[in-house]
file entry_37.tsv (TSV, C-alpha atoms)
chain	number	residue	atom	x	y	z
B	128	MET	CA	-8.26	70.55	103.34
B	129	GLN	CA	-8.85	67.75	100.86
B	130	THR	CA	-11.14	68.06	97.88
B	131	TRP	CA	-12.90	65.30	95.94
B	132	ASN	CA	-10.09	65.41	93.34
B	133	ASP	CA	-7.54	64.87	96.13
B	134	VAL	CA	-9.56	61.89	97.39
B	135	ILE	CA	-9.65	60.28	93.94
B	136	ARG	CA	-5.89	60.84	93.47
B	137	LEU	CA	-5.13	59.36	96.91
B	138	ALA	CA	-7.45	56.39	96.30
B	139	ASN	CA	-5.33	55.50	93.29
B	140	HIS	CA	-1.98	56.30	94.96
B	141	PRO	CA	-2.31	55.98	98.77
B	142	ILE	CA	0.32	57.44	101.06
B	143	PRO	CA	1.47	54.76	103.54
B	144	SER	CA	1.75	55.51	107.23
B	145	PRO	CA	5.21	55.43	108.81
B	146	ARG	CA	3.65	53.90	111.95
B	147	ARG	CA	1.98	50.53	111.44
B	148	VAL	CA	-0.09	48.29	113.71
B	149	GLU	CA	-0.40	44.75	112.40
B	150	LYS	CA	-2.10	41.81	114.11
B	151	THR	CA	-3.32	38.39	113.11
B	152	PRO	CA	-7.05	37.84	112.61
B	153	ALA	CA	-7.06	35.87	115.89
B	154	GLU	CA	-5.51	38.81	117.75
B	155	TRP	CA	-8.07	41.22	116.27
B	156	ARG	CA	-10.93	38.84	117.17
B	157	ALA	CA	-9.71	38.70	120.78
B	158	GLN	CA	-9.67	42.51	120.99
B	159	LEU	CA	-12.87	43.42	119.13
B	160	THR	CA	-16.56	42.60	119.41
B	161	PRO	CA	-17.92	40.41	116.59
B	162	GLU	CA	-19.53	43.48	114.95
B	163	GLN	CA	-16.34	45.56	115.25
B	164	PHE	CA	-14.34	42.72	113.72
B	165	HIS	CA	-16.81	42.30	110.86
B	166	VAL	CA	-16.83	46.03	110.05
B	167	THR	CA	-13.14	46.84	110.51
B	168	ARG	CA	-11.36	43.66	109.45
B	169	GLU	CA	-13.87	42.17	106.96
B	170	HIS	CA	-14.91	45.52	105.42
B	171	GLY	CA	-18.49	45.15	106.59
B	172	THR	CA	-21.18	47.77	107.13
B	173	GLU	CA	-23.48	48.17	110.11
B	174	ARG	CA	-27.19	48.65	109.42
B	175	ALA	CA	-28.24	52.26	108.88
B	176	PHE	CA	-29.49	54.18	111.94
B	177	THR	CA	-28.29	51.47	114.38
B	178	GLY	CA	-24.79	52.70	115.25
B	179	GLU	CA	-23.90	54.17	118.63
B	180	TYR	CA	-22.65	57.46	117.16
B	181	CYS	CA	-25.25	58.03	114.44
B	182	GLU	CA	-26.95	60.77	116.44
B	183	ALA	CA	-24.20	61.56	118.99
B	184	HIS	CA	-23.42	65.23	119.59
B	185	GLU	CA	-20.86	65.02	122.41
B	186	ALA	CA	-17.62	66.98	121.92
B	187	GLY	CA	-14.42	65.03	121.48
B	188	LEU	CA	-12.32	63.02	119.07
B	189	TYR	CA	-13.32	59.81	117.38
B	190	ALA	CA	-10.45	57.31	117.42
B	191	CYS	CA	-9.99	54.06	115.52
B	192	VAL	CA	-11.53	51.26	117.59
B	193	CYS	CA	-8.66	48.96	116.57
B	194	CYS	CA	-5.52	51.01	117.21
B	195	GLY	CA	-6.66	54.16	119.04
B	196	THR	CA	-5.44	56.59	116.38
B	197	PRO	CA	-7.47	59.85	116.44
B	198	LEU	CA	-9.33	60.05	113.12
B	199	TYR	CA	-12.24	62.53	113.29
B	200	ASP	CA	-13.13	65.61	115.34
B	201	SER	CA	-16.71	66.03	116.57
B	202	ARG	CA	-16.63	69.63	115.28
B	203	THR	CA	-16.56	68.25	111.70
B	204	LYS	CA	-19.47	65.84	112.31
B	205	PHE	CA	-22.77	66.72	110.66
B	206	GLU	CA	-26.27	65.29	110.24
B	207	SER	CA	-26.30	63.70	106.78
B	208	GLY	CA	-29.58	61.82	107.18
B	209	THR	CA	-27.89	58.69	105.83
B	210	GLY	CA	-27.95	56.64	109.04
B	211	TRP	CA	-24.21	56.70	109.72
B	212	PRO	CA	-21.98	59.25	111.44
B	213	SER	CA	-20.71	61.68	108.82
B	214	PHE	CA	-17.69	63.97	108.91
B	215	THR	CA	-16.38	66.61	106.50
B	216	GLN	CA	-12.71	65.77	107.03
B	217	PRO	CA	-10.27	63.70	109.12
B	218	VAL	CA	-8.36	65.27	112.04
B	219	ASP	CA	-5.22	65.03	109.92
B	220	GLU	CA	-4.88	64.19	106.24
B	221	SER	CA	-2.42	61.39	107.10
B	222	ALA	CA	-4.75	59.76	109.66
B	223	ILE	CA	-6.80	57.96	107.04
B	224	ARG	CA	-6.19	56.60	103.59
B	225	TYR	CA	-8.48	56.12	100.63
B	226	LYS	CA	-8.80	53.02	98.46
B	227	LYS	CA	-10.84	52.40	95.32
B	228	ASP	CA	-13.65	49.94	96.14
B	229	THR	CA	-15.40	48.10	93.31
B	230	SER	CA	-17.35	45.64	95.46
B	231	TYR	CA	-21.07	44.98	94.94
B	232	GLY	CA	-20.94	46.18	91.32
B	233	MET	CA	-20.30	49.81	92.37
B	234	THR	CA	-17.28	52.08	92.25
B	235	ARG	CA	-16.77	53.88	95.56
B	236	VAL	CA	-13.90	55.21	97.64
B	237	GLU	CA	-13.25	53.32	100.87
B	238	VAL	CA	-11.92	55.06	104.00
B	239	LEU	CA	-9.34	53.13	106.05
B	240	CYS	CA	-7.33	53.92	109.18
B	241	ASN	CA	-3.84	54.68	107.87
B	242	VAL	CA	-2.19	53.00	110.87
B	243	CYS	CA	-3.94	49.60	111.07
B	244	ASP	CA	-5.97	49.44	107.82
B	245	ALA	CA	-9.27	49.19	109.70
B	246	HIS	CA	-12.23	49.74	107.36
B	247	GLN	CA	-14.05	52.90	108.44
B	248	GLY	CA	-16.63	53.43	105.71
B	249	HIS	CA	-16.72	55.35	102.43
B	250	VAL	CA	-16.33	58.95	101.27
B	251	PHE	CA	-18.71	60.74	98.91
B	252	PRO	CA	-18.61	64.16	97.17
B	253	ASP	CA	-21.98	65.33	98.53
B	254	GLY	CA	-21.01	66.84	101.88
B	255	PRO	CA	-21.34	70.43	103.09
B	256	ALA	CA	-18.86	73.26	102.58
B	257	PRO	CA	-16.03	73.87	102.95
B	258	SER	CA	-14.71	70.43	101.85
B	259	GLY	CA	-17.81	69.14	100.03
B	260	LEU	CA	-16.91	65.69	101.38
B	261	ARG	CA	-19.06	63.26	103.36
B	262	LEU	CA	-16.99	60.68	105.17
B	263	CYS	CA	-19.71	58.13	105.96
B	264	ILE	CA	-18.27	56.15	108.89
B	265	ASN	CA	-19.46	53.04	110.73
B	266	SER	CA	-19.94	53.59	114.49
B	267	ALA	CA	-18.45	50.12	115.05
B	268	SER	CA	-15.12	51.34	113.63
B	269	ILE	CA	-14.66	54.28	116.00
B	270	LYS	CA	-14.64	55.15	119.71
B	271	LEU	CA	-15.47	58.61	121.06
B	272	VAL	CA	-12.87	60.12	123.36
B	273	SER	CA	-14.69	62.94	125.13
B	274	GLU	CA	-13.03	66.28	125.76
B	275	GLY	CA	-11.04	66.01	128.97
B	276	GLU	CA	-10.91	62.20	128.73
B	277	LYS	CA	-7.51	60.62	128.30
B	278	GLN	CA	-6.61	59.67	124.74
B	279	PRO	CA	-6.91	55.89	124.21
B	280	ALA	CA	-3.66	54.00	124.02
B	281	ALA	CA	-2.84	52.40	120.72
B	282	HIS	CA	-3.11	48.62	120.88

call {"tool": "encode", "arguments": {"input": "entry_37.tsv", "output": "structure tokens"}}
result
Amino acid sequence: MQTWNDVIRLANHPIPSPRRVEKTPAEWRAQLTPEQFHVTREHGTERAFTGEYCEAHEAGLYACVCCGTPLYDSRTKFESGTGWPSFTQPVDESAIRYKKDTSYGMTRVEVLCNVCDAHQGHVFPDGPAPSGLRLCINSASIKLVSEGEKQPAAH
């Protein structure tokens, strides 16, 4: 399980994924809705409390909307009150990567899919035990695969 110190270290020295999905902006636009494209490819943020999964409680895995890689387990989702789905950890430490983000005059840690570099959201050190992490994720960047439902194919 990652700690905040691990996140900071990995934001400065990310571990690349051996499996990569790369597409042109035109290919991504053809695959994604305008909001999904804005969030995942242009590092945008959906408005608080508007995302499809903000208050979802269904069991399953949340996969990257771009490449289908499983990223978060519903069992690690919690109510943060922030207006975005929040998780305490990824399904696997290699599923996501962290990147230092100094946009908008702030210093934050961005969360990206480690397979296709889709922007997911940001991570903060104010989550519940045991990790103490809050991965604050945009609904537009993920797709819920319910228990018993077939895993989405990577694009």

call {"tool": "closest_residue", "arguments": {"input": "entry_37.tsv", "among": "B:Ala245, B:Arg235, B:Leu188, B:Thr177", "to": "B:His165", "atoms": "all atoms listed in the file"}}
result
B:Ala245

call {"tool": "residues_around", "arguments": {"input": "entry_37.tsv", "residues": "B:Tyr225", "least_positions_apart": "2", "cutoff": "6 Å", "atoms": "only C-alpha atoms", "output": "VMD selection string"}}
result
chain B and resid 137 to 138 237 to 238

call {"tool": "residues_near_point", "arguments": {"input": "entry_37.tsv", "point": "(-22.5, 68.8, 123.3)", "cutoff": "12 Å", "atoms": "only C-alpha atoms", "output": "ChimeraX atom specification"}}
result
/B:182-187,201-202,204,273-274

call {"tool": "closest_residue", "arguments": {"input": "entry_37.tsv", "among": "B:Gln216, B:Cys193, B:Arg174, B:Glu169", "to": "B:Ala256", "atoms": "all atoms listed in the file"}}
result
B:Gln216

call {"tool": "closest_residue", "arguments": {"input": "entry_37.tsv", "among": "B:His246, B:Arg261, B:Arg146, B:Arg156", "to": "B:Trp131", "atoms": "only C-alpha atoms"}}
result
B:Arg261

call {"tool": "closest_residue", "arguments": {"input": "entry_37.tsv", "among": "B:Thr215, B:Asn132, B:Ser230, B:Thr167", "to": "B:Asp244", "atoms": "all atoms listed in the file"}}
result
B:Thr167

call {"tool": "atom_distance", "arguments": {"input": "entry_37.tsv", "atom1": "atom CA of B:Cys194", "atom2": "atom CA of B:Val218"}}
result
15.4 Å

call {"tool": "residues_near_point", "arguments": {"input": "entry_37.tsv", "point": "(-26.5, 56.8, 101.9)", "cutoff": "10 Å", "atoms": "all atoms listed in the file", "output": "count of residues only"}}
result
10

call {"tool": "residues_around", "arguments": {"input": "entry_37.tsv", "residues": "B:Cys243", "least_positions_apart": "4", "cutoff": "12 Å", "atoms": "all atoms listed in the file", "output": "ChimeraX atom specification"}}
result
/B:143-151,155,167-168,190-196,198,222-224,238-239,247,268,281-282

call {"tool": "closest_residue", "arguments": {"input": "entry_37.tsv", "among": "B:Val272, B:Ala267, B:Val250, B:Leu262", "to": "B:Lys226", "atoms": "all atoms listed in the file"}}
result
B:Val250

call {"tool": "atom_distance", "arguments": {"input": "entry_37.tsv", "atom1": "atom CA of B:Pro152", "atom2": "atom CA of B:Tyr199"}}
result
25.2 Å

call {"tool": "atom_distance", "arguments": {"input": "entry_37.tsv", "atom1": "atom CA of B:Asp200", "atom2": "atom CA of B:Cys240"}}
result
14.4 Å

call {"tool": "closest_residue", "arguments": {"input": "entry_37.tsv", "among": "B:Gln158, B:Thr229, B:Ser221, B:Ser213", "to": "B:Gln129", "atoms": "all atoms listed in the file"}}
result
B:Ser221
